[in-house]
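> This is the structure I have questions about; it appears just below.
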Amino acid sequence: MANTTIKGDDLIRHCGLNGKGEAVEQMDPQSFHRLIAVKLASQGFQVPPMRNESQTAENQVLQLASDLFRRYAEQSRLLTGHLNPPDRRIQDFLDDALSSTGIKVELPTTSINMDRYGMARELSVPDDPSVNEFHNTEVSSYKLCNGVLHNPINDRRTTKGVFHIADYGLPIPADKIRVPLVTYAKVLEAALQPPKDLNVLPYTSKWKNPIDSMVSLMMRPLVCPEVPGVSYEKRMEIRFFVPGGCVSNLDFVESIFGNAGDPSLPENDAGLDNRHWTGTSGCIILAPHIRKLKKKDVGLPHISEATKDQKKTGMCWEDPDELYNNGSPFKITLRDKRGIMVTILADNYFGYSKKEVKTQIGLSANIFGLAEEEHAGGAVAFKSYSLGKNFYPEASIVGTNYSFQEALKLLGDTVTVHPEGYATDKNWKNIHILPEDMQVDLNAQSAFWTKDGKQQRIRILPGHEYLHPSGYKIRLEKHAASTAYKLIGTAGEGTYCHKPATVSGGGKSEISKSLNDAVIYGSIYIGAYKLTNPPSDFEKEMAQVKEILERDYSNCYEPEYAKLQARPSNRAILSMERSLGSVVKLLTPNQEYTKEHCQFICSIPNHILSIVFAIKRFYKPEWGEDWKSHFSVDIVNGAPGHELKLDGRKLAGSYLRVGHDHTNGGWRTYKLRQDFISADKVQMEDDITASVVVPSSQIKNLPDDYSMFPSLKISQNCEWRLFQRPDDAIYPGFDKQTEEDLAGNHVFVSNFKPIDEGEMRDLTEQVDFFEIFTDPMKEHMRRCLKEGGVNICSAKLRIWNGQQTKNPRYLQVRPDVARPRDKYLAELGTRLYRRIPACEPCVFPVAAVISGRRNNPPDDINGVKIKPLCVFNPIHYQELPELFIDYVCSVTGKSPSTTGAGSEGALTKGPFNAINATADLNNALVSMILCGYAGFSSAAGYIGPKYKVDHDISLLVPEVWCRMKPEERSVEWLIKNGELEKLEDFELETPKGKRKVLASRLGYRITDKFVSHYFGRVFDNPAAAINEEMLKPELQSMEVFADGIDNLVEAEQKSALNYFEDGTIKYACPLLQIVLHVMAYGHYNDKSIQDPEIRAMFTREALLKSDWYKQRLVTKQQRDVTLCMRSIKALEDFMNRPGYTSEAARLGIHDRLREAQKELARVSSDGYLRDLEGTIGADPIVFDE
């Protein structure tokens, strides 16, 4: 959860969600309108009588309270200049920072503050029920029957020439534009004086006297996650000011980050929150009108007086009428080592607002220390299997020594125990815990166990979950393409796949999406597929199947493994003592098996295995040995066909797309294993992530799976809602999740087409269009017709600049929040697996790091040559030097999210770094070394110039990873077993002679052995799905492969040279300096990146011994001491305020003070410095200047 301490009505007031993750209203619309009327009247605005005759009483209240409102307004005027605590901190910073300019700029003291969630949305559209839309120069807003549609003037953000930084405080990176401090002051002054037409509050736009006023919001976004038993979560404070006409931006950001309430109330003062405040403050001012400012008017010099740098960046003028930044969108910021940052946004596209909050979280993390703000996606994936019709608690599945009594002791009063000897969860009545000897039989639709010597049973039902005491979960599920049901088994322990530094379009979101929507259902075939498609030899192939079914498997194990088996290996394949999973394991090569058995397995054609698994899946005991008579194929044109049938019913197999065929453009689809079920996932991240690294010894109750990591990363999503781009929604019925979301209530959508009743009726009458949609979207469109007005359809996007936008957007409630049962169930299974009592926290640390790349083939777009970037195979591993060469550059192909392509800057955060990128890079490098994570990456877009894979690999990676044992994910294991191969530099013959191609920059890549072993746990025929041309893209075109590597190296060199140009190389830690020197010049002190002495420096042992790492720990300690002393002073000052005695008692200020004093003693001690070892400490750069 984004904030674990907020519950009930406070949660609704904070982000508009209840405990079930449902979007709800705090109050009925009439009450909300009353609240708004009172709020506006109390600030001295003239509020007209309410229209509805039933609201006469409310009008009388407004009239009776008019004297009170005027008195309140008069008191506010007498307090002109008085600011609430966060605004005072920001104003003091501005006064100090701008003192040399002679310009005094004051924050608004009379803005309308959005002190609860939902108010900004109400104010973003007219109060008049007969008016459904609002328009000004920056946005068009529409009331929908189920939410709001806001279409800003621009349909996306640009990443070019955007970030301007005032020449003050911290060093300015070379990729940002330096602005004179006086120019910033003048721009800020203009920003806080929006024109009246932009300042009109949409809600009042149809009133006789519309209100024009700035509107404000306070947020407390997450910066550092809680480490249970070690440290509290840490948050910064951000104040957001917008012109009244842009209040929709506040609706947007509070929907993502939450509303922190009234900044004037002491309970909301971060300065008094000694447990959770980072000590940093941010301010964002939305001011699209400043795009009209002239360079001359904001103090920029004439070109004749400009410096070389000002001429290069356009910070000067030749024509007096030249507009600042050529009238294009930009942002300009002021920040220093105090951790206060004030940014002005000159465009109201929603993405700017979100990304600026991200930027300020990043600055806060760098100043506070310990934490990283990461551009990441991530999910915990729990491997799942089709169990067929039976489940037996085999040790290989559920482990050993788990008991029902132990489970009851762990869960305590969170479950109800039934007389029959099983338990039901009290929170979710459809979750049950069964005894350790539980068995499940689908034919009987029952679960069985023994109590007091007697067999007990319960009926198993769809929608219910049945847990073994080990945490292994069983459910009954209907096949998506037939009427048949099957048992699904899901592991209790998951694998947290973390996807940091992932470029736009690199699969950041896809890692947490279910594979189910990508699965296609088709027939199970007899006969290996051939282009000539000859008749199948049904009898011959059934004879092969019979041989496999009747084979004696009693000696399949090596002797040392045979004695470890809990059940005899000679069980027949069709025996009810064997589950489908057991059969799949029996017929999959494994080191536990004898050489002869493995050779036998490898001799079986893949399509024969598919038939064996299908027969096992549907076998019934009453068939006895006569299983064959139940299976058949049709006779087609006098010859046997290919589609396998069960008792005359065509069997359905599951197939998955792996890219497009480069010859005919169709999908490449491959059959999934009969026991494969897509992993259950709990989304943990998507875009803005806060993470912290701690020694693994500080995290309690972890399984041995994590023993290989000396430190661990804990990551958490900073957002309640995700700003999704549903590219595939334009195809009716394809994107099921988006159609369900957009058909829900309280939606926020952008860049969709506003559709009136007439057009909506026309769309519903187009049967070939309407009938393809999912049921939720069809019902939504019918609802739109019934309720009238302006609405949206998921497949109809906004027309922008004469073309359909490529950037449709909506806010989706975070899946783990929207589906609390799934998250609860995942945690419950893990809790049982790890034996964690219900009263203790269950932590999910990162277990794998798998970044994402966006690759493209050579192309020509509108006459512009696009260089190839398609040199990676599906999965690469890079050792730290090569990985960080990649992370520094973060090069990518073009993405629909932005208007730019190429390098996205260090860690893909180029446009969003408030300070030198070295701080984030130093943190990330130290983090990876401390934890010992291996740096993997997956490909999106293209693999080589021929294979377009889009996000197919991104979806597959967590499926593969969660099915790998911890030791199998070890790089040493993979290299030893030939499942990773190292790429070496080579020389290429060209017409101009030989040239060296630095292929070693690509690190290692997966081999056919990796595909066979691990993708073989997903596909029937993995070698066909991931073929040799995909594994070795140079086979597609050596010229494109070599050219792509050259382009990559060139981009890496260009990125690194910036650090030398702007002098920020001096802020890079020694290891990062090595990386940057190699990128820029090919060597470090005449040593190559492969030099053993260089490689040895990138180890945990070397890091812990280094003076520069020890300095990071000292720096963190010093900052913590300073923050504690600041908290103590704030608490003492509050206690000493005249008339605040009762308020101090109400808020527990005395207790907070004692706690802060105790914390100061702790962080000042030598022991605290030792406790910090194994963390990233704090980067010292931000305090150097």
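Going by the structure tokens order, chains are called A, B, ..., each with residues numbered from 1, while ligands are numbered from 1 in the order shown.
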If you count only C-alpha atoms, which residues fall within 7 Å of Val342 in chain A, apart from same-chain ones fewer than 5 positions away, as a PDB file with N, CA and C atoms, in the first residue's frame?

```pdb
ATOM      1  N   GLY A 282       8.939  20.542  -1.281  1.00  0.00           N
ATOM      2  CA  GLY A 282       8.851  20.870  -2.699  1.00  0.00           C
ATOM      3  C   GLY A 282       7.685  21.788  -2.969  1.00  0.00           C
ATOM      4  N   CYS A 283       7.771  22.498  -4.075  1.00  0.00           N
ATOM      5  CA  CYS A 283       6.678  23.366  -4.505  1.00  0.00           C
ATOM      6  C   CYS A 283       6.612  23.307  -6.019  1.00  0.00           C
ATOM      7  N   ILE A 284       5.416  23.124  -6.549  1.00  0.00           N
ATOM      8  CA  ILE A 284       5.196  23.074  -7.994  1.00  0.00           C
ATOM      9  C   ILE A 284       4.141  24.112  -8.343  1.00  0.00           C
ATOM     10  N   THR A 333      13.415  25.449 -12.580  1.00  0.00           N
ATOM     11  CA  THR A 333      13.436  25.110 -11.154  1.00  0.00           C
ATOM     12  C   THR A 333      14.566  25.800 -10.415  1.00  0.00           C
ATOM     13  N   LEU A 334      14.373  25.892  -9.118  1.00  0.00           N
ATOM     14  CA  LEU A 334      15.343  26.462  -8.185  1.00  0.00           C
ATOM     15  C   LEU A 334      15.471  25.487  -7.031  1.00  0.00           C
ATOM     16  N   ARG A 335      16.703  25.097  -6.679  1.00  0.00           N
ATOM     17  CA  ARG A 335      16.882  24.145  -5.575  1.00  0.00           C
ATOM     18  C   ARG A 335      18.271  24.293  -4.981  1.00  0.00           C
TER      19      ARG A 335
END
```
> Residues near Asp775 in chain A, anyone? I mean within 12 Å using only C-alpha atoms, not counting same-chain ones fewer than 6 positions away, as a list in words.
Pro732, Gly733, Lys736, Gln737, Glu739, Glu740, Ala743, Met781 and Arg782 of chain A
> Go through range 455-613 of chain A and collect every residue that DSSP, computed from the backbone, puts in helix (DSSP H, G or I); the answer should be as a tab-separated table (two decimals) with N, CA, C and O atoms, in the first residue's frame.

```
chain	number	residue	atom	x	y	z
A	510	GLU	N	4.59	-4.21	-18.22
A	510	GLU	CA	4.24	-5.57	-18.64
A	510	GLU	C	4.72	-6.62	-17.65
A	510	GLU	O	4.15	-7.71	-17.57
A	511	ILE	N	5.78	-6.32	-16.90
A	511	ILE	CA	6.32	-7.32	-15.98
A	511	ILE	C	5.29	-7.72	-14.93
A	511	ILE	O	5.33	-8.82	-14.39
A	512	SER	N	4.35	-6.83	-14.66
A	512	SER	CA	3.35	-7.13	-13.63
A	512	SER	C	1.99	-7.51	-14.21
A	512	SER	O	1.05	-7.76	-13.47
A	516	ASN	N	-2.49	-14.03	-19.05
A	516	ASN	CA	-3.75	-14.62	-19.52
A	516	ASN	C	-4.31	-13.92	-20.75
A	516	ASN	O	-4.82	-14.58	-21.66
A	517	ASP	N	-4.24	-12.57	-20.78
A	517	ASP	CA	-4.81	-11.85	-21.91
A	517	ASP	C	-4.07	-12.14	-23.20
A	517	ASP	O	-4.61	-11.92	-24.30
A	518	ALA	N	-2.83	-12.61	-23.10
A	518	ALA	CA	-2.03	-12.88	-24.31
A	518	ALA	C	-2.18	-14.32	-24.78
A	518	ALA	O	-1.70	-14.67	-25.86
A	538	PHE	N	-2.74	-41.49	-36.92
A	538	PHE	CA	-3.30	-41.52	-35.58
A	538	PHE	C	-2.90	-42.79	-34.84
A	538	PHE	O	-2.46	-42.73	-33.68
A	539	GLU	N	-3.03	-43.94	-35.49
A	539	GLU	CA	-2.76	-45.21	-34.82
A	539	GLU	C	-1.30	-45.33	-34.43
A	539	GLU	O	-0.96	-45.78	-33.33
A	540	LYS	N	-0.40	-44.88	-35.30
A	540	LYS	CA	1.03	-44.97	-35.01
A	540	LYS	C	1.39	-44.09	-33.81
A	540	LYS	O	2.16	-44.50	-32.94
A	541	GLU	N	0.82	-42.92	-33.80
A	541	GLU	CA	1.18	-42.00	-32.70
A	541	GLU	C	0.53	-42.43	-31.40
A	541	GLU	O	1.11	-42.23	-30.32
A	542	MET	N	-0.64	-42.99	-31.45
A	542	MET	CA	-1.26	-43.51	-30.24
A	542	MET	C	-0.47	-44.70	-29.69
A	542	MET	O	-0.42	-44.92	-28.47
A	543	ALA	N	0.18	-45.43	-30.57
A	543	ALA	CA	1.03	-46.54	-30.12
A	543	ALA	C	2.24	-45.99	-29.35
A	543	ALA	O	2.66	-46.58	-28.33
A	544	GLN	N	2.80	-44.87	-29.83
A	544	GLN	CA	3.90	-44.22	-29.11
A	544	GLN	C	3.44	-43.76	-27.73
A	544	GLN	O	4.14	-43.92	-26.73
A	545	VAL	N	2.23	-43.20	-27.70
A	545	VAL	CA	1.67	-42.73	-26.43
A	545	VAL	C	1.49	-43.91	-25.47
A	545	VAL	O	1.84	-43.83	-24.28
A	546	LYS	N	0.98	-45.03	-25.99
A	546	LYS	CA	0.76	-46.22	-25.16
A	546	LYS	C	2.08	-46.72	-24.56
A	546	LYS	O	2.14	-47.09	-23.38
A	547	GLU	N	3.12	-46.69	-25.36
A	547	GLU	CA	4.43	-47.13	-24.87
A	547	GLU	C	4.90	-46.27	-23.69
A	547	GLU	O	5.43	-46.77	-22.69
A	548	ILE	N	4.68	-44.96	-23.79
A	548	ILE	CA	5.09	-44.05	-22.72
A	548	ILE	C	4.26	-44.28	-21.46
A	548	ILE	O	4.78	-44.31	-20.35
A	549	LEU	N	2.95	-44.48	-21.66
A	549	LEU	CA	2.06	-44.66	-20.51
A	549	LEU	C	2.35	-45.95	-19.76
A	549	LEU	O	2.19	-46.01	-18.53
A	550	GLU	N	2.77	-46.99	-20.48
A	550	GLU	CA	2.94	-48.29	-19.85
A	550	GLU	C	4.38	-48.58	-19.45
A	550	GLU	O	4.69	-49.63	-18.90
A	559	PRO	N	20.59	-43.25	-7.84
A	559	PRO	CA	20.41	-43.85	-6.51
A	559	PRO	C	20.34	-42.83	-5.37
A	559	PRO	O	19.51	-42.98	-4.46
A	560	GLU	N	21.19	-41.78	-5.43
A	560	GLU	CA	21.20	-40.84	-4.30
A	560	GLU	C	19.92	-40.01	-4.21
A	560	GLU	O	19.59	-39.48	-3.15
A	561	TYR	N	19.21	-39.89	-5.35
A	561	TYR	CA	17.95	-39.15	-5.34
A	561	TYR	C	16.74	-40.07	-5.11
A	561	TYR	O	15.71	-39.63	-4.60
A	562	ALA	N	16.89	-41.33	-5.51
A	562	ALA	CA	15.77	-42.27	-5.38
A	562	ALA	C	15.34	-42.41	-3.92
A	562	ALA	O	14.14	-42.47	-3.60
A	580	LEU	N	-0.97	-34.43	-12.49
A	580	LEU	CA	-0.47	-34.00	-13.79
A	580	LEU	C	0.93	-33.39	-13.64
A	580	LEU	O	1.82	-33.64	-14.46
A	581	GLY	N	1.12	-32.60	-12.59
A	581	GLY	CA	2.43	-31.99	-12.37
A	581	GLY	C	3.51	-33.04	-12.18
A	581	GLY	O	4.65	-32.87	-12.65
A	582	SER	N	3.18	-34.13	-11.51
A	582	SER	CA	4.13	-35.22	-11.29
A	582	SER	C	4.51	-35.86	-12.62
A	582	SER	O	5.68	-36.23	-12.84
A	583	VAL	N	3.54	-36.01	-13.51
A	583	VAL	CA	3.82	-36.60	-14.83
A	583	VAL	C	4.70	-35.68	-15.66
A	583	VAL	O	5.65	-36.12	-16.32
A	584	VAL	N	4.40	-34.39	-15.62
A	584	VAL	CA	5.22	-33.43	-16.36
A	584	VAL	C	6.65	-33.47	-15.85
A	584	VAL	O	7.62	-33.47	-16.64
A	585	LYS	N	6.82	-33.53	-14.54
A	585	LYS	CA	8.16	-33.60	-13.97
A	585	LYS	C	8.85	-34.89	-14.41
A	585	LYS	O	10.04	-34.90	-14.76
A	586	LEU	N	8.11	-36.00	-14.42
A	586	LEU	CA	8.67	-37.30	-14.80
A	586	LEU	C	9.21	-37.28	-16.23
A	586	LEU	O	10.21	-37.96	-16.52
A	595	LYS	N	20.96	-41.17	-16.74
A	595	LYS	CA	21.28	-40.77	-18.11
A	595	LYS	C	20.33	-41.44	-19.10
A	595	LYS	O	19.86	-40.82	-20.06
A	596	GLU	N	20.02	-42.70	-18.85
A	596	GLU	CA	19.14	-43.45	-19.75
A	596	GLU	C	17.73	-42.85	-19.77
A	596	GLU	O	17.12	-42.73	-20.84
A	597	HIS	N	17.25	-42.47	-18.60
A	597	HIS	CA	15.90	-41.89	-18.54
A	597	HIS	C	15.87	-40.53	-19.25
A	597	HIS	O	14.91	-40.23	-19.98
A	598	CYS	N	16.90	-39.73	-19.07
A	598	CYS	CA	16.95	-38.43	-19.75
A	598	CYS	C	17.01	-38.61	-21.27
A	598	CYS	O	16.39	-37.85	-22.02
A	599	GLN	N	17.76	-39.63	-21.72
A	599	GLN	CA	17.83	-39.90	-23.16
A	599	GLN	C	16.46	-40.32	-23.70
A	599	GLN	O	16.06	-39.93	-24.80
A	600	PHE	N	15.75	-41.12	-22.91
A	600	PHE	CA	14.40	-41.54	-23.30
A	600	PHE	C	13.48	-40.32	-23.44
A	600	PHE	O	12.74	-40.18	-24.42
A	601	ILE	N	13.55	-39.43	-22.47
A	601	ILE	CA	12.71	-38.22	-22.51
A	601	ILE	C	13.01	-37.41	-23.77
A	601	ILE	O	12.10	-36.96	-24.48
A	602	CYS	N	14.30	-37.22	-24.05
A	602	CYS	CA	14.70	-36.39	-25.19
A	602	CYS	C	14.31	-37.01	-26.53
A	602	CYS	O	14.24	-36.31	-27.54
A	606	ASN	N	7.89	-33.51	-29.24
A	606	ASN	CA	7.13	-32.58	-28.40
A	606	ASN	C	5.63	-32.77	-28.54
A	606	ASN	O	4.89	-32.69	-27.56
A	607	HIS	N	5.16	-33.03	-29.78
A	607	HIS	CA	3.71	-33.14	-29.95
A	607	HIS	C	3.18	-34.43	-29.31
A	607	HIS	O	2.02	-34.48	-28.88
A	608	ILE	N	4.03	-35.45	-29.18
A	608	ILE	CA	3.62	-36.68	-28.50
A	608	ILE	C	3.48	-36.41	-27.00
A	608	ILE	O	2.53	-36.87	-26.34
A	609	LEU	N	4.44	-35.66	-26.45
A	609	LEU	CA	4.34	-35.28	-25.04
A	609	LEU	C	3.05	-34.53	-24.77
A	609	LEU	O	2.39	-34.74	-23.74
A	610	SER	N	2.68	-33.64	-25.68
A	610	SER	CA	1.44	-32.86	-25.50
A	610	SER	C	0.24	-33.78	-25.40
A	610	SER	O	-0.67	-33.56	-24.60
A	611	ILE	N	0.24	-34.83	-26.21
A	611	ILE	CA	-0.88	-35.77	-26.20
A	611	ILE	C	-0.90	-36.56	-24.89
A	611	ILE	O	-1.96	-36.76	-24.27
A	612	VAL	N	0.28	-36.97	-24.43
A	612	VAL	CA	0.37	-37.70	-23.16
A	612	VAL	C	-0.19	-36.84	-22.03
A	612	VAL	O	-1.00	-37.31	-21.21
A	613	PHE	N	0.22	-35.59	-21.99
A	613	PHE	CA	-0.24	-34.71	-20.91
A	613	PHE	C	-1.75	-34.47	-21.01
A	613	PHE	O	-2.43	-34.36	-19.99
```
> Got a sec: who's within 12 Å of Ala480 in chain A, counting only C-alpha atoms, leaving out chain neighbours fewer than 4 positions off, as a list in words?
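Near Ala480 in chain A, the qualifying residues are Ala484, Tyr485, Lys486, Asn516, Asp517, Val519, Ile520, Tyr521, Gly522, Ala652, Gly653, Ser654 and Ile677 of chain A.
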> Give me, as a VMD selection string, all polymer residues having an atom no more than 10 Å from range 407-414 of chain A, counting only C-alpha atoms and skipping those fewer than 2 positions away in the same chain.
chain A and resid 402 to 405 416 to 417 422 to 428 433 to 436 468 to 471 828 831 to 833 835 to 840
> Using the selection just defined, write its residues with N, CA, C and O atoms as a compact mmCIF listing (two decimals), in the first residue's frame.

```txt
# COMPACT_ATOMS: atom_id res chain seq x y z
N TYR A 402 5.33 -29.42 7.62
CA TYR A 402 4.28 -28.42 7.81
C TYR A 402 3.06 -29.13 8.39
O TYR A 402 2.68 -30.21 7.92
N SER A 403 2.44 -28.53 9.41
CA SER A 403 1.28 -29.17 10.02
C SER A 403 0.14 -28.17 10.18
O SER A 403 0.36 -26.96 10.27
N PHE A 404 -1.06 -28.71 10.21
CA PHE A 404 -2.26 -27.88 10.38
C PHE A 404 -2.24 -27.18 11.73
O PHE A 404 -2.59 -26.00 11.84
N GLN A 405 -1.81 -27.89 12.77
CA GLN A 405 -1.78 -27.29 14.09
C GLN A 405 -0.81 -26.12 14.16
O GLN A 405 -1.08 -25.09 14.79
N THR A 416 -11.33 -19.07 11.62
CA THR A 416 -12.35 -19.82 12.36
C THR A 416 -12.12 -21.30 12.11
O THR A 416 -12.06 -21.74 10.95
N VAL A 417 -11.99 -22.09 13.19
CA VAL A 417 -11.75 -23.52 13.06
C VAL A 417 -13.08 -24.26 13.11
O VAL A 417 -13.90 -24.04 14.00
N TYR A 422 -10.94 -28.21 9.60
CA TYR A 422 -10.31 -27.25 8.70
C TYR A 422 -10.66 -25.85 9.20
O TYR A 422 -11.44 -25.69 10.14
N ALA A 423 -10.05 -24.83 8.62
CA ALA A 423 -10.26 -23.46 9.09
C ALA A 423 -10.62 -22.54 7.93
O ALA A 423 -10.26 -22.80 6.78
N THR A 424 -11.32 -21.45 8.26
CA THR A 424 -11.71 -20.44 7.27
C THR A 424 -11.22 -19.08 7.74
O THR A 424 -11.37 -18.73 8.93
N ASP A 425 -10.67 -18.33 6.82
CA ASP A 425 -10.17 -17.00 7.15
C ASP A 425 -11.34 -16.08 7.53
O ASP A 425 -12.40 -16.12 6.91
N LYS A 426 -11.14 -15.24 8.55
CA LYS A 426 -12.21 -14.35 9.00
C LYS A 426 -12.37 -13.13 8.09
O LYS A 426 -13.46 -12.56 8.01
N ASN A 427 -11.30 -12.72 7.44
CA ASN A 427 -11.40 -11.57 6.55
C ASN A 427 -12.05 -11.92 5.22
O ASN A 427 -12.82 -11.13 4.67
N TRP A 428 -11.71 -13.10 4.70
CA TRP A 428 -12.24 -13.53 3.41
C TRP A 428 -12.80 -14.94 3.61
O TRP A 428 -12.06 -15.90 3.78
N ILE A 433 -8.04 -23.05 5.11
CA ILE A 433 -6.78 -23.75 5.40
C ILE A 433 -7.15 -25.18 5.78
O ILE A 433 -7.97 -25.41 6.68
N LEU A 434 -6.53 -26.13 5.07
CA LEU A 434 -6.85 -27.55 5.27
C LEU A 434 -5.67 -28.27 5.91
O LEU A 434 -4.53 -27.78 5.86
N PRO A 435 -5.91 -29.45 6.50
CA PRO A 435 -4.82 -30.21 7.14
C PRO A 435 -3.74 -30.65 6.16
O PRO A 435 -3.95 -30.67 4.95
N GLU A 436 -2.60 -31.06 6.72
CA GLU A 436 -1.43 -31.36 5.89
C GLU A 436 -1.61 -32.59 5.01
O GLU A 436 -0.91 -32.74 4.00
N HIS A 468 -2.86 -25.48 1.71
CA HIS A 468 -2.12 -26.47 2.49
C HIS A 468 -1.37 -25.70 3.58
O HIS A 468 -1.06 -24.52 3.41
N PRO A 469 -1.06 -26.30 4.73
CA PRO A 469 -0.33 -25.58 5.78
C PRO A 469 1.02 -25.02 5.35
O PRO A 469 1.59 -24.16 6.02
N SER A 470 1.53 -25.49 4.20
CA SER A 470 2.80 -24.97 3.67
C SER A 470 2.60 -23.67 2.90
O SER A 470 3.58 -23.07 2.47
N GLY A 471 1.34 -23.26 2.72
CA GLY A 471 1.05 -22.06 1.94
C GLY A 471 0.72 -22.35 0.49
O GLY A 471 0.34 -21.43 -0.24
N LEU A 828 -0.78 -14.40 2.71
CA LEU A 828 -1.15 -15.51 3.60
C LEU A 828 -0.37 -16.76 3.24
O LEU A 828 0.17 -17.45 4.11
N ARG A 831 3.18 -16.26 4.29
CA ARG A 831 3.27 -16.29 5.76
C ARG A 831 3.33 -17.76 6.24
O ARG A 831 4.14 -18.10 7.12
N LEU A 832 2.50 -18.62 5.68
CA LEU A 832 2.51 -20.03 6.07
C LEU A 832 3.81 -20.70 5.62
O LEU A 832 4.41 -21.48 6.37
N TYR A 833 4.25 -20.40 4.41
CA TYR A 833 5.47 -21.01 3.88
C TYR A 833 6.68 -20.65 4.74
O TYR A 833 7.52 -21.49 5.05
N ARG A 835 6.46 -19.56 7.84
CA ARG A 835 6.11 -19.75 9.25
C ARG A 835 6.17 -18.43 10.03
O ARG A 835 6.80 -18.33 11.09
N ILE A 836 5.50 -17.42 9.53
CA ILE A 836 5.47 -16.10 10.16
C ILE A 836 4.14 -15.92 10.90
O ILE A 836 3.07 -16.04 10.28
N PRO A 837 4.14 -15.62 12.18
CA PRO A 837 2.88 -15.38 12.90
C PRO A 837 2.12 -14.20 12.30
O PRO A 837 2.71 -13.28 11.73
N ALA A 838 0.80 -14.23 12.45
CA ALA A 838 -0.07 -13.20 11.88
C ALA A 838 0.25 -11.81 12.42
O ALA A 838 -0.02 -10.80 11.76
N CYS A 839 0.81 -11.75 13.62
CA CYS A 839 1.08 -10.46 14.24
C CYS A 839 2.39 -9.84 13.78
O CYS A 839 2.71 -8.70 14.14
N GLU A 840 3.18 -10.57 12.98
CA GLU A 840 4.47 -10.07 12.53
C GLU A 840 4.42 -9.72 11.04
O GLU A 840 3.65 -10.31 10.29
```
> I'd like the neighbourhood of His746 in chain A as a PDB file with all heavy atoms, in the first residue's frame, where a residue qualifies if any of its atoms comes within 8 Å (using only C-alpha atoms), though same-chain residues fewer than 5 positions away should be ignored.

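Final file, result.pdb:
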```pdb
ATOM      1  N   ALA A  23     -13.110   2.771  -5.841  1.00  0.00           N
ATOM      2  CA  ALA A  23     -13.233   4.226  -5.892  1.00  0.00           C
ATOM      3  C   ALA A  23     -14.612   4.606  -5.376  1.00  0.00           C
ATOM      4  O   ALA A  23     -15.633   4.148  -5.890  1.00  0.00           O
ATOM      5  CB  ALA A  23     -13.040   4.716  -7.321  1.00  0.00           C
ATOM      6  N   VAL A  24     -14.646   5.409  -4.335  1.00  0.00           N
ATOM      7  CA  VAL A  24     -15.916   5.783  -3.708  1.00  0.00           C
ATOM      8  C   VAL A  24     -15.921   7.277  -3.430  1.00  0.00           C
ATOM      9  O   VAL A  24     -14.885   7.942  -3.428  1.00  0.00           O
ATOM     10  CB  VAL A  24     -16.149   5.016  -2.383  1.00  0.00           C
ATOM     11  CG1 VAL A  24     -16.302   3.532  -2.641  1.00  0.00           C
ATOM     12  CG2 VAL A  24     -14.997   5.256  -1.415  1.00  0.00           C
ATOM     13  N   ASN A 146     -19.725   8.530 -15.720  1.00  0.00           N
ATOM     14  CA  ASN A 146     -18.955   7.734 -14.751  1.00  0.00           C
ATOM     15  C   ASN A 146     -17.603   8.360 -14.415  1.00  0.00           C
ATOM     16  O   ASN A 146     -16.670   7.668 -14.033  1.00  0.00           O
ATOM     17  CB  ASN A 146     -18.739   6.311 -15.272  1.00  0.00           C
ATOM     18  CG  ASN A 146     -17.891   6.274 -16.535  1.00  0.00           C
ATOM     19  OD1 ASN A 146     -17.892   7.217 -17.331  1.00  0.00           O
ATOM     20  ND2 ASN A 146     -17.159   5.186 -16.740  1.00  0.00           N
ATOM     21  N   GLY A 147     -17.486   9.689 -14.560  1.00  0.00           N
ATOM     22  CA  GLY A 147     -16.220  10.328 -14.211  1.00  0.00           C
ATOM     23  C   GLY A 147     -15.989  11.592 -15.000  1.00  0.00           C
ATOM     24  O   GLY A 147     -16.937  12.341 -15.295  1.00  0.00           O
ATOM     25  N   VAL A 148     -14.731  11.848 -15.354  1.00  0.00           N
ATOM     26  CA  VAL A 148     -14.374  13.065 -16.082  1.00  0.00           C
ATOM     27  C   VAL A 148     -13.403  12.746 -17.212  1.00  0.00           C
ATOM     28  O   VAL A 148     -12.615  11.797 -17.130  1.00  0.00           O
ATOM     29  CB  VAL A 148     -13.725  14.120 -15.155  1.00  0.00           C
ATOM     30  CG1 VAL A 148     -14.734  14.718 -14.200  1.00  0.00           C
ATOM     31  CG2 VAL A 148     -12.543  13.547 -14.409  1.00  0.00           C
TER      32      VAL A 148
END
```
